[in-house]
There are 2 protein chains.
Amino acid sequence: MHRTHTCGELRSTHIGEEVTLSGWVQRRRDFGAMTFIDLRDRYGITQLSFNEDQDKSLNSEARSLGREFVIKVIGYVIERSNKNLNIPTGEIEIQVTRFEVLNAALTPPFTIEEDTDGGEEIRLKYRYLDLRRTPIQDKLILRSKLNKAVRDYLNEADFIDVETPVLIKSTPEGARDFVVPSRMNEGQYYALPQSPQTFKQLLMVSGFDKYYQIVKCFRDEDFRADRQPEFTQIDCEMSFVERDDILSTFEGMIRSVFKQVKNIELGEIPRLTYEDAIRRFGSDKPDMRFGMELIDMDTVTKGNGFGVFDNADSVVAINVSGGNTYTRKQLDELTDWVKRPQIGAMGLIYCRINEDGSFKSSVDKFFSQEQLAQWSLVCESKPNDLILLLSGQKDKVRKQMNELRLFVGEKEGLRPKTKFKACWIIDFPLVEKDDESNRWHAMHHPFTSPIPSHRELMHTDPGNVKANAYDMAINGMEVGGGSIRIHDKALQKQMFDLLGFTEKEAQEQFGFLMNAFEYGAPPHGGIAFGLDRLTAILAGTDSIRDVIAFPKNNMGRDVMIDAPASLNKDQQKELGL
Amino acid sequence: MHRTHTCGELRSTHIGEEVTLSGWVQRRRDFGAMTFIDLRDRYGITQLSFNEDQDKSLNSEARSLGREFVIKVIGYVIERSNKNLNIPTGEIEIQVTRFEVLNAALTPPFTIEEDTDGGEEIRLKYRYLDLRRTPIQDKLILRSKLNKAVRDYLNEADFIDVETPVLIKSTPEGARDFVVPSRMNEGQYYALPQSPQTFKQLLMVSGFDKYYQIVKCFRDEDFRADRQPEFTQIDCEMSFVERDDILSTFEGMIRSVFKQVKNIELGEIPRLTYEDAIRRFGSDKPDMRFGMELIDMDTVTKGNGFGVFDNADSVVAINVSGGNTYTRKQLDELTDWVKRPQIGAMGLIYCRINEDGSFKSSVDKFFSQEQLAQWSLVCESKPNDLILLLSGQKDKVRKQMNELRLFVGEKEGLRPKTKFKACWIIDFPLVEKDDESNRWHAMHHPFTSPIPSHRELMHTDPGNVKANAYDMAINGMEVGGGSIRIHDKALQKQMFDLLGFTEKEAQEQFGFLMNAFEYGAPPHGGIAFGLDRLTAILAGTDSIRDVIAFPKNNMGRDVMIDAPASLNKDQQKELGL
């Protein structure tokens, strides 16, 4: 038997018991005749003590134990003279009577502590050691809990967990597929799913009524920071529902997850139309932890001879409460920041509202105190506030202002990782025109239905058709999205037409789905949440890599196992590659 | 709103309420002035009634509804005059006041009833329609429940659900991998995991202590009946455990699953050594629902001048209780059955024990009544029993007798699908010699440890080393297997040596694992259960295809979506294929 208790279990009530513990040597401290070792396992840390006076050779053996050695110890639980009230086992220690080295350890290439000295690349290579660190382990334990909370809620609500296939067919539309050559069917390939979309719709056609799955999906993208070629979705679909049925079901799920995992009441989840979200925040995934909404300044800035404003499509402002404390240097830095190519603004205009109610702007040459007073009225500014303005093409300037709002919000401490605010975005455009190809693209995917009253508009004015689609954002990040689906063949065909599919292409790629719609498909809709992102938000980290046990690096490589790798000749030949 | 209730929900307590239901037209019956429709959804069937006297046009509209139309109806719950006590909703019906066709349906290519008239190929092509049939849907609902029962048990026992990667590295050892070409790293490939074996071991090195995952795995095998290229494992691993810790943990899990899913107490789970299992049943996955164990007949059959026995390595019998009722024709059929190439026996010898205690055998020329009495003594036969004997090479004859035992057991009704009996098989050989290559092969896999007392034997007599491995079988089918793993580098290296890996090969393929063992790997072990097989057993079906939502056919094709398929030129080019 390797242990009677874990390293997180013993309390003062156990004093006097003989126990067996196993774990890792976290730290050893040698004090004169005494040796202390912190023994660690997943459950906690327990202090071991060795005393030269009691057992000289045992004490000297203990001094040969290095960091990360795996040992098994037998001893008595005794009261600790120097109690550590920061840890649950801090009232006791184990007076060791014998021990055994279960496995020795080389010195790890970085320290296994809360904060480590290892760089990212070496920590990925030795991921199994980085995973020993409490902050990383805690995040994966949180992921496991989140997973359970999701399942508990959906099981309770009568959803059926159904596995859909991983070896499916490639559909060139959308992102790139990973493909798998078929040895049994030479020259043919399976593809890995980007989502189980069509399968979950077929399950609705089959009458499964409520489906869910927590499932790996795959996308062969050019890697960017914080994208992984494989990622996990909480994938759901329901029949005989309308939009609000879905929103309330999954609002409930997210609430329940926050409650179960973090004991947080998520509060009201407002619903914003896409239009409103863009207007108020310049983003379809607004961070609603704070205000500082975008203000349209056209009426009070134009026609004053200031070309930058006069010639701009749109002038937009935010009001930074108390922002008059920003120094000139800080304002210059902000200006540099918005002019970086990632943001792309031409410049930044500001107006200080002084304590005495006077104004000081960077465009005092063009605007009188009265005119600046108008600005402050529109912005509902108070003394000591700061107005920041950007101008340019309408869509672009809103995007830029969104970035600036988030940046300033961050600086102002308005985006604490411990605060959570969710919102729904609804009424997205159904399609958007790609300027290059002059073709319509589905904003969500080709299975999304228009809102019922816009169905006719699809013929006459597709660009103004609203989709019966919805996204959920938390703290400025999209965590989920879905739609009421098309469930009749004629409308699905019309949608494929609009997207420029030939009949042959539509039939080849999605014939099975359109055929299925002819055999009695119910109205249905669904949603998918990104489990990695949702976990990262709950864990308070910016990187999804922190919540994935064995992530790939920015080049899509697993540097620990060194994959991808070349195949041996026999394998290649057998696969006809 | 599409419904106020489901089709399985209404009872006599609802009489008088106005309700809205949605579902599929299962059947329509026209009786004079009345029309009855069975409306179906996942939850049940509710009868709708239309009455010409009340609404002539509604009644005639109802008569246009075909099988599998999706409709929404509004009406009143009324008491049914002709109650159907076989279904929970049989006391009521809905007097429809209006309805709407949500989607029409073509006539399905086969009937959507308990028993269908469709052949397998067409049902796979229209899998979404076959999935509407209650027997199939029930099996997938059972799978979902089983999944939940497993998770409930493991979560309760403090296991952490961790996802391991799907895009990993190919290891040519073992079964064939499916591979995925990497666009970003031309000429290199990921492989899909045959199991998360090495990753779960790394999680133990990381101190996760107890891991589980319900996970898709992949094997590119030549397809046989009832093999799928993708399958699902309940994959588990624990640290600081010995064999019996694992057996008792997962005995508990299986018990809990049977209890939660089928309300069945599984009873005692005996542990047999591999040797005993082969001796008593001729199989390492014995069906223990019945006795009829194999009996060694060498001592009472040899040296009597009957060449078939005398020249055989081994003579084995089973005693069929009450088998004297078998006619000569049935015995001839049994003989033909064992002589088929799949079984490969040379012939079948029998001996009847007559009611009066006399014997009648197919070898009366060679054996006297006294000698046959010896047989019956060894076989503990009673009057009216039948002894069946096979002879030949020892290993082969036991395998053949295992098949015969199962076949006769089936005929005798000793293997009812409603009875379940599990057993553990332990102490497997660690390695077996492949006669062709004259190389040792791991019987489980190269990470399995020998039983501690046999470690020295690995140098001197590898063929006699027992592995610290265990399988669970239920009703004659292997449902799970695992082992205590090797956790030190020297032993792992020795194992790779024994299996004929060069140091370079071992390092290339499993270097990351052996390196990990140098940084403090705890003793650990685990197990994996086949979820598809386990579900099939609980669902009482012989085919795992019945418990997979979208299975592939015997050629590894998904005939519904028509995958695998050829890629378009651009995709091929981009991947350098």
# chains A, B, ... in the order shown; residues from 1 in each chain; ligands from 1
$ residues_around --residues "Lys421 (chain A)" --least-positions-apart "5" --cutoff "6 Å" --atoms "only C-alpha atoms" --output "VMD selection string"
chain A and resid 288 to 289 474 to 475
$ select_by_dssp --residues "region 115-145 of chain B" --states "alpha helix (DSSP H)" --output "list in words"
Glu120, Glu121, Ile122, Arg123, Leu124, Lys125, Arg127, Tyr128, Leu129, Asp130, Thr134, Pro135, Ile136, Gln137, Asp138, Lys139, Leu140, Ile141, Leu142, Arg143, Ser144 and Lys145 of chain B
$ write_last_selection --atoms "N, CA and C atoms" --output "PDB file, in the first residue's frame"
ATOM      1  N   GLU B 120     -29.823  -3.430 -44.208  1.00  0.00           N
ATOM      2  CA  GLU B 120     -28.820  -2.652 -43.484  1.00  0.00           C
ATOM      3  C   GLU B 120     -28.243  -1.492 -44.298  1.00  0.00           C
ATOM      4  N   GLU B 121     -27.957  -1.743 -45.571  1.00  0.00           N
ATOM      5  CA  GLU B 121     -27.286  -0.720 -46.376  1.00  0.00           C
ATOM      6  C   GLU B 121     -28.174   0.522 -46.517  1.00  0.00           C
ATOM      7  N   ILE B 122     -29.471   0.323 -46.793  1.00  0.00           N
ATOM      8  CA  ILE B 122     -30.351   1.481 -46.987  1.00  0.00           C
ATOM      9  C   ILE B 122     -30.588   2.187 -45.647  1.00  0.00           C
ATOM     10  N   ARG B 123     -30.602   1.418 -44.570  1.00  0.00           N
ATOM     11  CA  ARG B 123     -30.789   2.054 -43.264  1.00  0.00           C
ATOM     12  C   ARG B 123     -29.563   2.878 -42.877  1.00  0.00           C
ATOM     13  N   LEU B 124     -28.375   2.444 -43.304  1.00  0.00           N
ATOM     14  CA  LEU B 124     -27.172   3.247 -43.045  1.00  0.00           C
ATOM     15  C   LEU B 124     -27.165   4.504 -43.906  1.00  0.00           C
ATOM     16  N   LYS B 125     -27.636   4.377 -45.135  1.00  0.00           N
ATOM     17  CA  LYS B 125     -27.669   5.542 -46.019  1.00  0.00           C
ATOM     18  C   LYS B 125     -28.630   6.600 -45.468  1.00  0.00           C
ATOM     19  N   ARG B 127     -29.492   6.946 -42.329  1.00  0.00           N
ATOM     20  CA  ARG B 127     -29.320   6.710 -40.901  1.00  0.00           C
ATOM     21  C   ARG B 127     -30.216   7.650 -40.078  1.00  0.00           C
ATOM     22  N   TYR B 128     -30.394   8.881 -40.557  1.00  0.00           N
ATOM     23  CA  TYR B 128     -31.223   9.836 -39.805  1.00  0.00           C
ATOM     24  C   TYR B 128     -32.660   9.371 -39.685  1.00  0.00           C
ATOM     25  N   LEU B 129     -33.114   8.512 -40.598  1.00  0.00           N
ATOM     26  CA  LEU B 129     -34.465   7.954 -40.466  1.00  0.00           C
ATOM     27  C   LEU B 129     -34.455   6.714 -39.575  1.00  0.00           C
ATOM     28  N   ASP B 130     -33.413   5.886 -39.731  1.00  0.00           N
ATOM     29  CA  ASP B 130     -33.305   4.700 -38.880  1.00  0.00           C
ATOM     30  C   ASP B 130     -33.200   5.114 -37.411  1.00  0.00           C
ATOM     31  N   THR B 134     -37.621   3.592 -32.388  1.00  0.00           N
ATOM     32  CA  THR B 134     -37.471   3.501 -30.928  1.00  0.00           C
ATOM     33  C   THR B 134     -36.340   2.571 -30.487  1.00  0.00           C
ATOM     34  N   PRO B 135     -36.195   1.369 -31.063  1.00  0.00           N
ATOM     35  CA  PRO B 135     -35.131   0.485 -30.550  1.00  0.00           C
ATOM     36  C   PRO B 135     -33.742   1.088 -30.715  1.00  0.00           C
ATOM     37  N   ILE B 136     -33.525   1.813 -31.803  1.00  0.00           N
ATOM     38  CA  ILE B 136     -32.208   2.434 -32.020  1.00  0.00           C
ATOM     39  C   ILE B 136     -32.057   3.637 -31.088  1.00  0.00           C
ATOM     40  N   GLN B 137     -33.102   4.454 -31.030  1.00  0.00           N
ATOM     41  CA  GLN B 137     -33.040   5.646 -30.187  1.00  0.00           C
ATOM     42  C   GLN B 137     -32.811   5.260 -28.718  1.00  0.00           C
ATOM     43  N   ASP B 138     -33.501   4.202 -28.288  1.00  0.00           N
ATOM     44  CA  ASP B 138     -33.332   3.738 -26.904  1.00  0.00           C
ATOM     45  C   ASP B 138     -31.886   3.359 -26.612  1.00  0.00           C
ATOM     46  N   LYS B 139     -31.242   2.741 -27.593  1.00  0.00           N
ATOM     47  CA  LYS B 139     -29.854   2.318 -27.358  1.00  0.00           C
ATOM     48  C   LYS B 139     -28.936   3.525 -27.209  1.00  0.00           C
ATOM     49  N   LEU B 140     -29.198   4.579 -27.974  1.00  0.00           N
ATOM     50  CA  LEU B 140     -28.345   5.769 -27.857  1.00  0.00           C
ATOM     51  C   LEU B 140     -28.660   6.543 -26.579  1.00  0.00           C
ATOM     52  N   ILE B 141     -29.903   6.478 -26.147  1.00  0.00           N
ATOM     53  CA  ILE B 141     -30.243   7.096 -24.862  1.00  0.00           C
ATOM     54  C   ILE B 141     -29.562   6.310 -23.735  1.00  0.00           C
ATOM     55  N   LEU B 142     -29.550   5.001 -23.865  1.00  0.00           N
ATOM     56  CA  LEU B 142     -28.848   4.173 -22.876  1.00  0.00           C
ATOM     57  C   LEU B 142     -27.358   4.521 -22.856  1.00  0.00           C
ATOM     58  N   ARG B 143     -26.793   4.732 -24.011  1.00  0.00           N
ATOM     59  CA  ARG B 143     -25.377   5.101 -24.082  1.00  0.00           C
ATOM     60  C   ARG B 143     -25.116   6.409 -23.328  1.00  0.00           C
ATOM     61  N   SER B 144     -26.011   7.361 -23.517  1.00  0.00           N
ATOM     62  CA  SER B 144     -25.875   8.645 -22.832  1.00  0.00           C
ATOM     63  C   SER B 144     -25.967   8.459 -21.309  1.00  0.00           C
ATOM     64  N   LYS B 145     -26.871   7.597 -20.889  1.00  0.00           N
ATOM     65  CA  LYS B 145     -27.012   7.324 -19.447  1.00  0.00           C
ATOM     66  C   LYS B 145     -25.780   6.629 -18.882  1.00  0.00           C
TER      67      LYS B 145
END
$ interface_residues --of "chain A" --to "chain B" --cutoff "6 Å" --atoms "only C-alpha atoms" --output "ChimeraX atom specification"
/A:2,42,68-70,103-106,128-129,131-132,144,160-161,168-169,179-180,188-190,202,206-207,240,518-520,563-566
$ residues_around --residues "region 77-79 of chain B" --least-positions-apart "4" --cutoff "9 Å" --atoms "only C-alpha atoms" --output "VMD selection string"
chain B and resid 10 to 12 14 to 19 83 91 to 96
$ select_by_dssp --residues "region 49-290 of chain B" --states "strand (DSSP E)" --output "VMD selection string"
chain B and resid 49 to 51 70 to 79 92 to 103 160 to 161 179 to 181 189 to 191 210 to 218 230 to 239 271 to 273
$ atom_distance --atom1 "CA of Glu114 (chain A)" --atom2 "CA of Lys417 (chain A)"
18.5 Å
$ residues_around --residues "Ala422 (chain B)" --least-positions-apart "4" --cutoff "10 Å" --atoms "only C-alpha atoms" --output "list in words"
Glu251, Ile254, Arg255, Leu266, Gly267, Glu268, Ile269, Pro270, Arg271, Lys285, Pro286, Asp287, Met288, Arg289, Met472, Ala473, Ile474, Asn475, Gly476, Met477, Glu478 and Val479 of chain B
$ write_last_selection --atoms "N, CA, C and O atoms" --output "PDB file, in the first residue's frame"
ATOM      1  N   GLU B 251     -14.222  -2.224 -10.363  1.00  0.00           N
ATOM      2  CA  GLU B 251     -15.338  -3.103 -10.037  1.00  0.00           C
ATOM      3  C   GLU B 251     -16.496  -2.232  -9.558  1.00  0.00           C
ATOM      4  O   GLU B 251     -17.631  -2.411  -9.959  1.00  0.00           O
ATOM      5  N   ILE B 254     -18.133  -0.412 -12.512  1.00  0.00           N
ATOM      6  CA  ILE B 254     -18.998  -1.263 -13.352  1.00  0.00           C
ATOM      7  C   ILE B 254     -20.285  -1.613 -12.603  1.00  0.00           C
ATOM      8  O   ILE B 254     -21.385  -1.575 -13.160  1.00  0.00           O
ATOM      9  N   ARG B 255     -20.155  -1.930 -11.339  1.00  0.00           N
ATOM     10  CA  ARG B 255     -21.336  -2.176 -10.509  1.00  0.00           C
ATOM     11  C   ARG B 255     -22.287  -0.986 -10.518  1.00  0.00           C
ATOM     12  O   ARG B 255     -23.495  -1.128 -10.678  1.00  0.00           O
ATOM     13  N   LEU B 266     -24.818  -6.445  -9.984  1.00  0.00           N
ATOM     14  CA  LEU B 266     -23.964  -7.278 -10.829  1.00  0.00           C
ATOM     15  C   LEU B 266     -23.468  -8.546 -10.130  1.00  0.00           C
ATOM     16  O   LEU B 266     -23.070  -9.497 -10.783  1.00  0.00           O
ATOM     17  N   GLY B 267     -23.519  -8.581  -8.814  1.00  0.00           N
ATOM     18  CA  GLY B 267     -23.040  -9.770  -8.112  1.00  0.00           C
ATOM     19  C   GLY B 267     -21.528  -9.821  -8.042  1.00  0.00           C
ATOM     20  O   GLY B 267     -20.836  -8.903  -8.488  1.00  0.00           O
ATOM     21  N   GLU B 268     -21.033 -10.896  -7.486  1.00  0.00           N
ATOM     22  CA  GLU B 268     -19.596 -11.061  -7.262  1.00  0.00           C
ATOM     23  C   GLU B 268     -18.853 -11.070  -8.607  1.00  0.00           C
ATOM     24  O   GLU B 268     -19.365 -11.560  -9.609  1.00  0.00           O
ATOM     25  N   ILE B 269     -17.656 -10.506  -8.621  1.00  0.00           N
ATOM     26  CA  ILE B 269     -16.839 -10.503  -9.834  1.00  0.00           C
ATOM     27  C   ILE B 269     -15.590 -11.333  -9.554  1.00  0.00           C
ATOM     28  O   ILE B 269     -14.630 -10.844  -8.955  1.00  0.00           O
ATOM     29  N   PRO B 270     -15.606 -12.588  -9.955  1.00  0.00           N
ATOM     30  CA  PRO B 270     -14.471 -13.463  -9.616  1.00  0.00           C
ATOM     31  C   PRO B 270     -13.199 -13.057 -10.360  1.00  0.00           C
ATOM     32  O   PRO B 270     -13.271 -12.412 -11.409  1.00  0.00           O
ATOM     33  N   ARG B 271     -12.056 -13.389  -9.790  1.00  0.00           N
ATOM     34  CA  ARG B 271     -10.766 -13.125 -10.419  1.00  0.00           C
ATOM     35  C   ARG B 271     -10.140 -14.453 -10.814  1.00  0.00           C
ATOM     36  O   ARG B 271      -9.902 -15.306  -9.970  1.00  0.00           O
ATOM     37  N   LYS B 285     -11.487 -14.628 -22.036  1.00  0.00           N
ATOM     38  CA  LYS B 285     -12.668 -13.808 -21.753  1.00  0.00           C
ATOM     39  C   LYS B 285     -13.873 -14.722 -21.626  1.00  0.00           C
ATOM     40  O   LYS B 285     -14.807 -14.665 -22.442  1.00  0.00           O
ATOM     41  N   PRO B 286     -13.845 -15.576 -20.609  1.00  0.00           N
ATOM     42  CA  PRO B 286     -14.875 -16.610 -20.492  1.00  0.00           C
ATOM     43  C   PRO B 286     -16.267 -16.036 -20.219  1.00  0.00           C
ATOM     44  O   PRO B 286     -16.404 -15.036 -19.523  1.00  0.00           O
ATOM     45  N   ASP B 287     -17.256 -16.692 -20.805  1.00  0.00           N
ATOM     46  CA  ASP B 287     -18.638 -16.371 -20.481  1.00  0.00           C
ATOM     47  C   ASP B 287     -18.986 -17.149 -19.219  1.00  0.00           C
ATOM     48  O   ASP B 287     -19.121 -18.368 -19.249  1.00  0.00           O
ATOM     49  N   MET B 288     -19.138 -16.452 -18.119  1.00  0.00           N
ATOM     50  CA  MET B 288     -19.346 -17.128 -16.840  1.00  0.00           C
ATOM     51  C   MET B 288     -20.805 -17.127 -16.413  1.00  0.00           C
ATOM     52  O   MET B 288     -21.117 -17.365 -15.249  1.00  0.00           O
ATOM     53  N   ARG B 289     -21.688 -16.885 -17.381  1.00  0.00           N
ATOM     54  CA  ARG B 289     -23.106 -17.025 -17.049  1.00  0.00           C
ATOM     55  C   ARG B 289     -23.497 -18.474 -16.847  1.00  0.00           C
ATOM     56  O   ARG B 289     -24.548 -18.778 -16.306  1.00  0.00           O
ATOM     57  N   MET B 472     -11.136  -7.133 -17.866  1.00  0.00           N
ATOM     58  CA  MET B 472     -12.462  -7.495 -17.398  1.00  0.00           C
ATOM     59  C   MET B 472     -13.266  -8.027 -18.584  1.00  0.00           C
ATOM     60  O   MET B 472     -13.235  -7.443 -19.677  1.00  0.00           O
ATOM     61  N   ALA B 473     -13.950  -9.158 -18.364  1.00  0.00           N
ATOM     62  CA  ALA B 473     -14.843  -9.685 -19.391  1.00  0.00           C
ATOM     63  C   ALA B 473     -16.252  -9.744 -18.811  1.00  0.00           C
ATOM     64  O   ALA B 473     -16.435  -9.971 -17.615  1.00  0.00           O
ATOM     65  N   ILE B 474     -17.220  -9.465 -19.662  1.00  0.00           N
ATOM     66  CA  ILE B 474     -18.617  -9.639 -19.266  1.00  0.00           C
ATOM     67  C   ILE B 474     -19.287 -10.499 -20.327  1.00  0.00           C
ATOM     68  O   ILE B 474     -19.178 -10.208 -21.529  1.00  0.00           O
ATOM     69  N   ASN B 475     -19.941 -11.543 -19.884  1.00  0.00           N
ATOM     70  CA  ASN B 475     -20.683 -12.417 -20.810  1.00  0.00           C
ATOM     71  C   ASN B 475     -19.837 -12.903 -21.982  1.00  0.00           C
ATOM     72  O   ASN B 475     -20.329 -13.021 -23.112  1.00  0.00           O
ATOM     73  N   GLY B 476     -18.560 -13.154 -21.725  1.00  0.00           N
ATOM     74  CA  GLY B 476     -17.719 -13.703 -22.782  1.00  0.00           C
ATOM     75  C   GLY B 476     -17.105 -12.673 -23.697  1.00  0.00           C
ATOM     76  O   GLY B 476     -16.503 -13.031 -24.703  1.00  0.00           O
ATOM     77  N   MET B 477     -17.274 -11.407 -23.354  1.00  0.00           N
ATOM     78  CA  MET B 477     -16.642 -10.376 -24.184  1.00  0.00           C
ATOM     79  C   MET B 477     -15.726  -9.509 -23.339  1.00  0.00           C
ATOM     80  O   MET B 477     -16.069  -9.130 -22.220  1.00  0.00           O
ATOM     81  N   GLU B 478     -14.547  -9.187 -23.890  1.00  0.00           N
ATOM     82  CA  GLU B 478     -13.626  -8.310 -23.183  1.00  0.00           C
ATOM     83  C   GLU B 478     -14.211  -6.906 -23.192  1.00  0.00           C
ATOM     84  O   GLU B 478     -14.537  -6.369 -24.243  1.00  0.00           O
ATOM     85  N   VAL B 479     -14.348  -6.315 -22.027  1.00  0.00           N
ATOM     86  CA  VAL B 479     -14.871  -4.943 -21.976  1.00  0.00           C
ATOM     87  C   VAL B 479     -13.818  -3.939 -21.527  1.00  0.00           C
ATOM     88  O   VAL B 479     -13.980  -2.734 -21.743  1.00  0.00           O
TER      89      VAL B 479
END
$ residues_around --residues "region 496-503 of chain B" --least-positions-apart "3" --cutoff "6 Å" --atoms "only C-alpha atoms" --output "PDB file with all heavy atoms, in the first residue's frame"
ATOM      1  N   TRP B 440       9.800 -11.251 -29.561  1.00  0.00           N
ATOM      2  CA  TRP B 440       8.839 -11.124 -28.469  1.00  0.00           C
ATOM      3  C   TRP B 440       7.901  -9.950 -28.748  1.00  0.00           C
ATOM      4  O   TRP B 440       8.336  -8.883 -29.180  1.00  0.00           O
ATOM      5  CB  TRP B 440       9.553 -10.884 -27.135  1.00  0.00           C
ATOM      6  CG  TRP B 440      10.343 -12.061 -26.665  1.00  0.00           C
ATOM      7  CD1 TRP B 440      11.704 -12.167 -26.627  1.00  0.00           C
ATOM      8  CD2 TRP B 440       9.824 -13.294 -26.145  1.00  0.00           C
ATOM      9  NE1 TRP B 440      12.071 -13.396 -26.126  1.00  0.00           N
ATOM     10  CE2 TRP B 440      10.937 -14.110 -25.819  1.00  0.00           C
ATOM     11  CE3 TRP B 440       8.535 -13.800 -25.933  1.00  0.00           C
ATOM     12  CZ2 TRP B 440      10.798 -15.396 -25.293  1.00  0.00           C
ATOM     13  CZ3 TRP B 440       8.396 -15.076 -25.408  1.00  0.00           C
ATOM     14  CH2 TRP B 440       9.517 -15.870 -25.095  1.00  0.00           C
ATOM     15  N   HIS B 441       6.633 -10.162 -28.485  1.00  0.00           N
ATOM     16  CA  HIS B 441       5.649  -9.092 -28.585  1.00  0.00           C
ATOM     17  C   HIS B 441       4.998  -8.883 -27.230  1.00  0.00           C
ATOM     18  O   HIS B 441       4.738  -9.853 -26.522  1.00  0.00           O
ATOM     19  CB  HIS B 441       4.574  -9.437 -29.625  1.00  0.00           C
ATOM     20  CG  HIS B 441       5.043  -9.227 -31.015  1.00  0.00           C
ATOM     21  ND1 HIS B 441       4.848  -8.059 -31.697  1.00  0.00           N
ATOM     22  CD2 HIS B 441       5.743 -10.053 -31.837  1.00  0.00           C
ATOM     23  CE1 HIS B 441       5.397  -8.166 -32.888  1.00  0.00           C
ATOM     24  NE2 HIS B 441       5.941  -9.358 -33.010  1.00  0.00           N
ATOM     25  N   LYS B 493      13.435   0.642 -20.470  1.00  0.00           N
ATOM     26  CA  LYS B 493      14.461   0.412 -21.485  1.00  0.00           C
ATOM     27  C   LYS B 493      14.658  -1.092 -21.698  1.00  0.00           C
ATOM     28  O   LYS B 493      14.740  -1.567 -22.831  1.00  0.00           O
ATOM     29  CB  LYS B 493      15.773   1.060 -20.990  1.00  0.00           C
ATOM     30  CG  LYS B 493      16.715   1.475 -22.087  1.00  0.00           C
ATOM     31  CD  LYS B 493      17.859   2.312 -21.551  1.00  0.00           C
ATOM     32  CE  LYS B 493      19.092   2.147 -22.439  1.00  0.00           C
ATOM     33  NZ  LYS B 493      19.485   0.733 -22.674  1.00  0.00           N
ATOM     34  N   ALA B 506      13.588   3.445 -29.739  1.00  0.00           N
ATOM     35  CA  ALA B 506      12.908   3.692 -28.467  1.00  0.00           C
ATOM     36  C   ALA B 506      12.941   5.178 -28.130  1.00  0.00           C
ATOM     37  O   ALA B 506      11.930   5.760 -27.728  1.00  0.00           O
ATOM     38  CB  ALA B 506      13.565   2.876 -27.354  1.00  0.00           C
TER      39      ALA B 506
END
$ closest_residue --among "B:Val150, B:Ala175, B:Phe420, B:Ser60" --to "Gly252 (chain B)" --atoms "only C-alpha atoms"
B:Val150
$ atom_distance --atom1 "CA of Met346 (chain B)" --atom2 "CA of Val316 (chain B)"
13.4 Å
$ residues_around --residues "Ala312 (chain A)" --least-positions-apart "5" --cutoff "12 Å" --atoms "only C-alpha atoms" --output "ChimeraX atom specification"
/A:297-298,301-303,306-307,345-346,390-397
